[in-house]
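Following: one structure in structure tokens, then a few remarks.
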Amino acid sequence: GPVLGVCLGSQLLAAALGAEVVPGPCKELGLAPVEILDPTDPLLGSLAPSATVLHWHGDIFGLPPGATRLARSALTEIQAFRAGTAWGLLFHAEADEDLLERWLTEPAMADEAREVLGPDAAA
């Protein structure tokens, strides 16, 4: 059946499919838009032409051989891809306010948010 990898899962999926996973030039963290590149995609098409989503990653990946690029952001050219019945999403489309609040109560994640976004990161 279909496979969906989100964030680390997308990085593992990309690597398993032959793409290189590397540290990005900077951490991408916070709410920001992604541009959906294939409005006909059965998973992401409903978000077209763009959607504001949660980003929380430092590593990025190349497009796996034979995969289709589905989304990009201002900082990251490959935010999502599809390879057959497998999707990799670097961004967190599943995140809602409750999940974000839980992440920000975890000390290491709160520290990372303040490091990247400044002292008002929670706002």
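Letters for chains follow the order of the structure tokens (A, B, ...), residue numbers begin at 1 for each chain, and ligand numbers begin at 1 in the order shown.
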Could you pull out all residues of range 15-85 of chain A with a DSSP call of helix (DSSP H, G or I) and give them as a PDB file with N, CA, C and O atoms, in the first residue's frame?
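Result written to part_13.pdb:
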ATOM      1  N   ALA A  15      16.766   8.832   1.230  1.00  0.00           N
ATOM      2  CA  ALA A  15      18.049   8.119   1.249  1.00  0.00           C
ATOM      3  C   ALA A  15      17.889   6.689   0.741  1.00  0.00           C
ATOM      4  O   ALA A  15      18.713   6.204  -0.040  1.00  0.00           O
ATOM      5  N   ALA A  16      16.820   6.027   1.160  1.00  0.00           N
ATOM      6  CA  ALA A  16      16.585   4.647   0.717  1.00  0.00           C
ATOM      7  C   ALA A  16      16.377   4.574  -0.793  1.00  0.00           C
ATOM      8  O   ALA A  16      16.701   3.556  -1.413  1.00  0.00           O
ATOM      9  N   GLY A  45      -2.423  17.630  -3.676  1.00  0.00           N
ATOM     10  CA  GLY A  45      -3.107  18.506  -4.612  1.00  0.00           C
ATOM     11  C   GLY A  45      -4.116  19.436  -3.973  1.00  0.00           C
ATOM     12  O   GLY A  45      -4.277  20.582  -4.406  1.00  0.00           O
ATOM     13  N   SER A  46      -4.772  18.974  -2.912  1.00  0.00           N
ATOM     14  CA  SER A  46      -5.797  19.812  -2.275  1.00  0.00           C
ATOM     15  C   SER A  46      -5.198  21.023  -1.569  1.00  0.00           C
ATOM     16  O   SER A  46      -5.919  21.960  -1.231  1.00  0.00           O
ATOM     17  N   LEU A  47      -3.877  21.034  -1.354  1.00  0.00           N
ATOM     18  CA  LEU A  47      -3.210  22.182  -0.723  1.00  0.00           C
ATOM     19  C   LEU A  47      -2.802  23.245  -1.741  1.00  0.00           C
ATOM     20  O   LEU A  47      -2.361  24.324  -1.362  1.00  0.00           O
TER      21      LEU A  47
END
Closest atom pairs, range 68-120 of chain A residues within 12 Å of range 2-13 of chain A, only C-alpha atoms, as a Markdown table:
| residue | atom | partner | partner_atom | distance |
| --- | --- | --- | --- | --- |
| A:Ile78 | CA | A:Ser10 | CA | 10.6 |
| A:Gln79 | CA | A:Ser10 | CA | 9.2 |
| A:Ala80 | CA | A:Ser10 | CA | 8.0 |
| A:Phe81 | CA | A:Ser10 | CA | 8.6 |
| A:Arg82 | CA | A:Leu4 | CA | 9.3 |
| A:Ala83 | CA | A:Leu13 | CA | 9.6 |
| A:Gly84 | CA | A:Pro2 | CA | 8.6 |
| A:Thr85 | CA | A:Pro2 | CA | 4.8 |
| A:Ala86 | CA | A:Val3 | CA | 4.5 |
| A:Trp87 | CA | A:Leu4 | CA | 4.9 |
| A:Gly88 | CA | A:Ser10 | CA | 4.2 |
| A:Leu89 | CA | A:Val6 | CA | 4.8 |
| A:Leu90 | CA | A:Cys7 | CA | 4.2 |
| A:Phe91 | CA | A:Cys7 | CA | 6.0 |
| A:His92 | CA | A:Val6 | CA | 6.7 |
| A:Ala93 | CA | A:Val6 | CA | 8.5 |
| A:Glu94 | CA | A:Val6 | CA | 8.8 |
| A:Ala95 | CA | A:Val6 | CA | 10.7 |
Output N, CA, C and O atoms for every residue in that selection, as a PDB file, in the first residue's frame.
ATOM      1  N   ILE A  78      13.204  21.115  -2.285  1.00  0.00           N
ATOM      2  CA  ILE A  78      12.433  19.863  -2.294  1.00  0.00           C
ATOM      3  C   ILE A  78      11.805  19.687  -0.912  1.00  0.00           C
ATOM      4  O   ILE A  78      12.442  19.217   0.027  1.00  0.00           O
ATOM      5  N   GLN A  79      10.558  20.093  -0.816  1.00  0.00           N
ATOM      6  CA  GLN A  79       9.801  19.948   0.427  1.00  0.00           C
ATOM      7  C   GLN A  79       8.951  18.686   0.419  1.00  0.00           C
ATOM      8  O   GLN A  79       8.552  18.214   1.476  1.00  0.00           O
ATOM      9  N   ALA A  80       8.675  18.156  -0.772  1.00  0.00           N
ATOM     10  CA  ALA A  80       7.881  16.935  -0.866  1.00  0.00           C
ATOM     11  C   ALA A  80       8.150  16.285  -2.215  1.00  0.00           C
ATOM     12  O   ALA A  80       8.452  16.962  -3.194  1.00  0.00           O
ATOM     13  N   PHE A  81       8.048  14.943  -2.222  1.00  0.00           N
ATOM     14  CA  PHE A  81       8.206  14.192  -3.463  1.00  0.00           C
ATOM     15  C   PHE A  81       7.322  12.956  -3.428  1.00  0.00           C
ATOM     16  O   PHE A  81       6.854  12.542  -2.365  1.00  0.00           O
ATOM     17  N   ARG A  82       7.107  12.405  -4.616  1.00  0.00           N
ATOM     18  CA  ARG A  82       6.387  11.141  -4.749  1.00  0.00           C
ATOM     19  C   ARG A  82       7.221  10.210  -5.601  1.00  0.00           C
ATOM     20  O   ARG A  82       7.763  10.602  -6.634  1.00  0.00           O
ATOM     21  N   ALA A  83       7.345   8.971  -5.152  1.00  0.00           N
ATOM     22  CA  ALA A  83       8.028   7.930  -5.917  1.00  0.00           C
ATOM     23  C   ALA A  83       7.103   6.716  -5.911  1.00  0.00           C
ATOM     24  O   ALA A  83       6.992   6.023  -4.892  1.00  0.00           O
ATOM     25  N   GLY A  84       6.402   6.503  -7.005  1.00  0.00           N
ATOM     26  CA  GLY A  84       5.419   5.415  -7.041  1.00  0.00           C
ATOM     27  C   GLY A  84       4.302   5.689  -6.060  1.00  0.00           C
ATOM     28  O   GLY A  84       3.635   6.714  -6.140  1.00  0.00           O
ATOM     29  N   THR A  85       4.115   4.789  -5.101  1.00  0.00           N
ATOM     30  CA  THR A  85       3.079   4.975  -4.075  1.00  0.00           C
ATOM     31  C   THR A  85       3.675   5.409  -2.744  1.00  0.00           C
ATOM     32  O   THR A  85       3.072   5.203  -1.692  1.00  0.00           O
ATOM     33  N   ALA A  86       4.861   6.019  -2.794  1.00  0.00           N
ATOM     34  CA  ALA A  86       5.505   6.529  -1.587  1.00  0.00           C
ATOM     35  C   ALA A  86       5.625   8.049  -1.678  1.00  0.00           C
ATOM     36  O   ALA A  86       6.005   8.586  -2.717  1.00  0.00           O
ATOM     37  N   TRP A  87       5.273   8.713  -0.597  1.00  0.00           N
ATOM     38  CA  TRP A  87       5.390  10.166  -0.506  1.00  0.00           C
ATOM     39  C   TRP A  87       6.346  10.518   0.619  1.00  0.00           C
ATOM     40  O   TRP A  87       6.311   9.904   1.685  1.00  0.00           O
ATOM     41  N   GLY A  88       7.167  11.523   0.393  1.00  0.00           N
ATOM     42  CA  GLY A  88       8.026  12.086   1.420  1.00  0.00           C
ATOM     43  C   GLY A  88       7.679  13.556   1.594  1.00  0.00           C
ATOM     44  O   GLY A  88       7.709  14.310   0.621  1.00  0.00           O
ATOM     45  N   LEU A  89       7.327  13.947   2.812  1.00  0.00           N
ATOM     46  CA  LEU A  89       7.010  15.340   3.135  1.00  0.00           C
ATOM     47  C   LEU A  89       7.994  15.819   4.186  1.00  0.00           C
ATOM     48  O   LEU A  89       8.021  15.286   5.298  1.00  0.00           O
ATOM     49  N   LEU A  90       8.805  16.797   3.849  1.00  0.00           N
ATOM     50  CA  LEU A  90       9.747  17.344   4.812  1.00  0.00           C
ATOM     51  C   LEU A  90       9.021  18.213   5.826  1.00  0.00           C
ATOM     52  O   LEU A  90       9.391  18.272   6.993  1.00  0.00           O
ATOM     53  N   PHE A  91       7.970  18.868   5.415  1.00  0.00           N
ATOM     54  CA  PHE A  91       7.189  19.736   6.307  1.00  0.00           C
ATOM     55  C   PHE A  91       6.168  18.913   7.087  1.00  0.00           C
ATOM     56  O   PHE A  91       5.924  17.741   6.790  1.00  0.00           O
ATOM     57  N   HIS A  92       5.579  19.550   8.083  1.00  0.00           N
ATOM     58  CA  HIS A  92       4.643  18.874   8.981  1.00  0.00           C
ATOM     59  C   HIS A  92       3.207  19.292   8.688  1.00  0.00           C
ATOM     60  O   HIS A  92       2.638  20.135   9.381  1.00  0.00           O
ATOM     61  N   ALA A  93       2.613  18.697   7.665  1.00  0.00           N
ATOM     62  CA  ALA A  93       1.212  18.978   7.347  1.00  0.00           C
ATOM     63  C   ALA A  93       0.283  18.449   8.437  1.00  0.00           C
ATOM     64  O   ALA A  93      -0.846  18.906   8.564  1.00  0.00           O
ATOM     65  N   GLU A  94       0.770  17.501   9.231  1.00  0.00           N
ATOM     66  CA  GLU A  94      -0.068  16.891  10.277  1.00  0.00           C
ATOM     67  C   GLU A  94      -0.151  17.741  11.536  1.00  0.00           C
ATOM     68  O   GLU A  94      -0.969  17.474  12.419  1.00  0.00           O
ATOM     69  N   ALA A  95       0.701  18.761  11.644  1.00  0.00           N
ATOM     70  CA  ALA A  95       0.793  19.524  12.889  1.00  0.00           C
ATOM     71  C   ALA A  95      -0.381  20.480  13.045  1.00  0.00           C
ATOM     72  O   ALA A  95      -0.764  21.176  12.107  1.00  0.00           O
TER      73      ALA A  95
END
Considering only C-alpha atoms, return as a PyMOL selection string whatever protein or nucleic-acid residues lie within 10 Å of Glu77 in chain A, sequence-local ones (same chain, fewer than 3 positions apart) excluded.
chain A and resi 34-35+60-63+69-74+80
Can you spit out the residues from that selection as a short mmCIF file (atom, residue, chain, number, x, y, z; two decimals), in the first residue's frame, using C-alpha atoms?
data_model
loop_
_atom_site.label_atom_id
_atom_site.label_comp_id
_atom_site.auth_asym_id
_atom_site.auth_seq_id
_atom_site.Cartn_x
_atom_site.Cartn_y
_atom_site.Cartn_z
CA VAL A 34 5.02 25.73 0.71
CA GLU A 35 4.24 25.96 -2.97
CA ILE A 60 17.47 18.49 3.36
CA PHE A 61 17.66 15.99 0.50
CA GLY A 62 17.98 15.77 -3.25
CA LEU A 63 15.23 14.40 -5.43
CA ARG A 69 9.02 16.93 -6.88
CA LEU A 70 5.72 18.02 -5.32
CA ALA A 71 6.48 21.06 -3.14
CA ARG A 72 9.10 23.69 -2.35
CA SER A 73 9.53 26.54 0.09
CA ALA A 74 11.53 29.75 0.02
CA ALA A 80 7.88 16.94 -0.87
#
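Between CA of Ala121 in chain A and CA of Trp103 in chain A lies a distance of 12.1 Å.
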